[in-house]
Amino acid sequence: HLLVPVNAANYCNLHVIKPFENGLKIGEAQVSLRFNGQINTPILRYARWAMAMSDTGDLQMIEVTKADEERPADAVVTQKIAIKRQGRHYLRADSQQLWICGAAGIRRYRIQNAVGKFSEDGVANNLDAFVGPTSLVGETLYHIRRRNQSSMVSVSAVNPESLEEIWRTDFAAPLAGPPLSNGSRSVAISAQGDVFEINDEVLNAGNSNSPIVRGSTVVQTLVFDHVVDFGDRYVVTGPRDRRSILAIDLGESPPSQLSDLQPPADRPACEPIAFGDALLVATKRGQVFRIDPSTGRPIGAPFQPPLQPNTETQWRRPLLVDEDRFMIGDQSGRVFLVQSEGQNSLQKLHEIDLPGDLLSPLTRVADAAFAVTRTDNGDRIVCI
């Protein structure tokens, strides 16, 4: 018999297929079995049973037998597993034990098919998201997951009874941005802040496993998704809810320096840009700061337009005009031209109100800036 899940909008029909006419045809052996939610991971074969779990936690153990031609497959254990969030769930079973790895950790159950239930007997890593099937080799369970607050993929060996970790290795992370080149040297920076050189040796091998710079040998939960290119050095920053910044200068020793955005510049509203030797950070509090990339501390006084009380400013990414000036706009359509007064302050030179809401960052073409705005009549491109 062959079990074939077919997903619909919020349920899954598990079809039971078998051959007919000496294998010349195949067809359904019985009425399909119904699951609440969708089955999006492989069905597990365990002795004479099959186990499947939907993304909403509908877990069923199905017995398949040739003795009953009318209904060869039937659920002998059906249980709703409480899950914090929907996602993929990977099953592994052995010796009356079941391990479920999913979007909210790993759980171990005792299989009690005689009384028709699974009894939970342990949970671990409940804030982590498991991203692949597990393997049981001898007395060790191996699993793969993305740890909470980290973008890296981690492989761990654990005790199958206690779920305690024996060892872990972090071996993969997405890039923080596109590869960078200064003409003589090309590098790629991972979301963990590790720097990989791209040279002929790497291109011929097709991969690189040895970073030339580590983002950190202590902090294992860094997440970076934006690279600011200063020409001779780089600064990587993370999502708007993360404070860490990493300054990378391959000509210095040490080549990297990790710091945090310091209050009140620790709540960025958009991606920062390079402004001279500083990092230009626009915050949800409405202020725009110059930041020392090596320390995370503000330089001089910020630019701060008039603000409404108890509101957050939704800045769009700034646009560099020249070495002393930049433009920046917010969601309401206000656009400011701002100038640096040495290291002391940032001063407004000009302000305009665009028609409608500002949807996009400003971009420059020759001596003009362009942006996308939205009004009651639709979206439009405006020239400044």
# chains A, B, ... in the order shown; residues from 1 in each chain; ligands from 1
$ residues_around --residues "region 228-234 of chain A" --least-positions-apart "3" --cutoff "8 Å" --atoms "only C-alpha atoms" --output "list in words"
Asn182, Thr237, Ala247, Ile248, Asp249, Leu250, Pro272, Ile273, Ala274 and Asp277 of chain A
$ write_last_selection --atoms "C-alpha atoms" --output "PDB file, in the first residue's frame"
ATOM      1  CA  ASN A 182      37.322  47.107  -3.602  1.00  0.00           C
ATOM      2  CA  THR A 237      24.103  46.010  11.036  1.00  0.00           C
ATOM      3  CA  ALA A 247      33.058  47.303  12.133  1.00  0.00           C
ATOM      4  CA  ILE A 248      35.396  45.365   9.805  1.00  0.00           C
ATOM      5  CA  ASP A 249      38.752  46.716   8.613  1.00  0.00           C
ATOM      6  CA  LEU A 250      40.955  44.027   7.059  1.00  0.00           C
ATOM      7  CA  PRO A 272      21.853  53.176   7.962  1.00  0.00           C
ATOM      8  CA  ILE A 273      24.243  54.666   5.383  1.00  0.00           C
ATOM      9  CA  ALA A 274      27.840  55.880   5.424  1.00  0.00           C
ATOM     10  CA  ASP A 277      33.567  58.369   8.623  1.00  0.00           C
TER      11      ASP A 277
END
$ closest_atom_pairs --of "region 28-115 of chain A" --to "region 123-143 of chain A" --cutoff "10 Å" --atoms "only C-alpha atoms" --output "Markdown table"
| residue | atom | partner | partner_atom | distance |
| --- | --- | --- | --- | --- |
| A:Thr41 | CA | A:Pro133 | CA | 8.7 |
| A:Pro42 | CA | A:Pro133 | CA | 9.0 |
| A:Lys84 | CA | A:Asn126 | CA | 9.3 |
| A:Gly87 | CA | A:Ala129 | CA | 9.0 |
| A:Arg88 | CA | A:Val131 | CA | 7.7 |
| A:His89 | CA | A:Phe130 | CA | 7.9 |
| A:Tyr90 | CA | A:Pro133 | CA | 5.2 |
| A:Leu91 | CA | A:Pro133 | CA | 7.1 |
| A:Arg92 | CA | A:Thr134 | CA | 6.5 |
| A:Ala93 | CA | A:Leu136 | CA | 8.8 |
| A:Asp94 | CA | A:Leu136 | CA | 8.4 |
| A:Trp99 | CA | A:Thr134 | CA | 8.5 |
| A:Ile100 | CA | A:Thr134 | CA | 8.9 |
| A:Cys101 | CA | A:Phe130 | CA | 5.9 |
| A:Gly102 | CA | A:Phe130 | CA | 5.0 |
| A:Ala103 | CA | A:Ala129 | CA | 4.3 |
| A:Ala104 | CA | A:Asn126 | CA | 4.8 |
| A:Gly105 | CA | A:Asn126 | CA | 3.8 |
| A:Ile106 | CA | A:Ala124 | CA | 5.4 |
| A:Arg107 | CA | A:Val123 | CA | 4.4 |
| A:Arg108 | CA | A:Val123 | CA | 6.4 |
| A:Tyr109 | CA | A:Val123 | CA | 9.2 |
$ residues_around --residues "region 66-80 of chain A" --least-positions-apart "2" --cutoff "12 Å" --atoms "only C-alpha atoms" --output "PyMOL selection string"
chain A and resi 1-3+14-18+28-37+48-64+82-83+109+111-120
$ select_by_dssp --residues "region 234-357 of chain A" --states "strand (DSSP E or B)" --output "JSON, numbers by chain"
{"A": [234, 235, 236, 237, 244, 245, 246, 247, 248, 256, 257, 258, 259, 260, 268, 273, 274, 275, 278, 279, 280, 281, 282, 283, 288, 289, 290, 291, 298, 299, 300, 301, 302, 303, 315, 319, 320, 321, 322, 325, 326, 327, 328, 329, 330, 334, 335, 336, 337, 338, 339, 340, 341, 345, 346, 347, 348, 349, 350, 351, 352, 353, 357]}
$ select_by_dssp --residues "region 153-274 of chain A" --states "helix (DSSP H, G or I)" --output "PyMOL selection string"
chain A and resi 200-205
$ closest_atom_pairs --of "region 247-359 of chain A" --to "region 364-377 of chain A" --cutoff "6 Å" --atoms "only C-alpha atoms" --output "JSON lines"
{"residue": "A:Gly356", "atom": "CA", "partner": "A:Thr375", "partner_atom": "CA", "distance": 4.6}
{"residue": "A:Asp357", "atom": "CA", "partner": "A:Arg374", "partner_atom": "CA", "distance": 5.2}
{"residue": "A:Leu358", "atom": "CA", "partner": "A:Thr373", "partner_atom": "CA", "distance": 4.6}
{"residue": "A:Leu359", "atom": "CA", "partner": "A:Thr373", "partner_atom": "CA", "distance": 5.4}
$ write_last_selection --atoms "all heavy atoms" --output "compact mmCIF listing (two decimals), in the first residue's frame"
# COMPACT_ATOMS: atom_id res chain seq x y z
N GLY A 356 1.04 63.19 -0.59
CA GLY A 356 0.79 61.80 -0.21
C GLY A 356 1.85 61.23 0.71
O GLY A 356 2.74 61.95 1.20
N ASP A 357 1.75 59.93 0.96
CA ASP A 357 2.70 59.23 1.82
C ASP A 357 3.93 58.82 1.03
O ASP A 357 3.84 58.45 -0.15
CB ASP A 357 2.05 57.97 2.42
CG ASP A 357 0.91 58.30 3.37
OD1 ASP A 357 0.91 59.41 3.93
OD2 ASP A 357 0.02 57.45 3.53
N LEU A 358 5.07 58.86 1.69
CA LEU A 358 6.32 58.44 1.06
C LEU A 358 6.48 56.94 1.25
O LEU A 358 6.59 56.45 2.37
CB LEU A 358 7.50 59.19 1.70
CG LEU A 358 8.90 58.85 1.17
CD1 LEU A 358 9.00 59.14 -0.33
CD2 LEU A 358 9.95 59.64 1.94
N LEU A 359 6.50 56.18 0.13
CA LEU A 359 6.58 54.72 0.20
C LEU A 359 8.01 54.19 0.12
O LEU A 359 8.31 53.15 0.70
CB LEU A 359 5.76 54.10 -0.93
CG LEU A 359 4.27 54.39 -0.98
CD1 LEU A 359 3.62 53.61 -2.11
CD2 LEU A 359 3.60 54.06 0.35
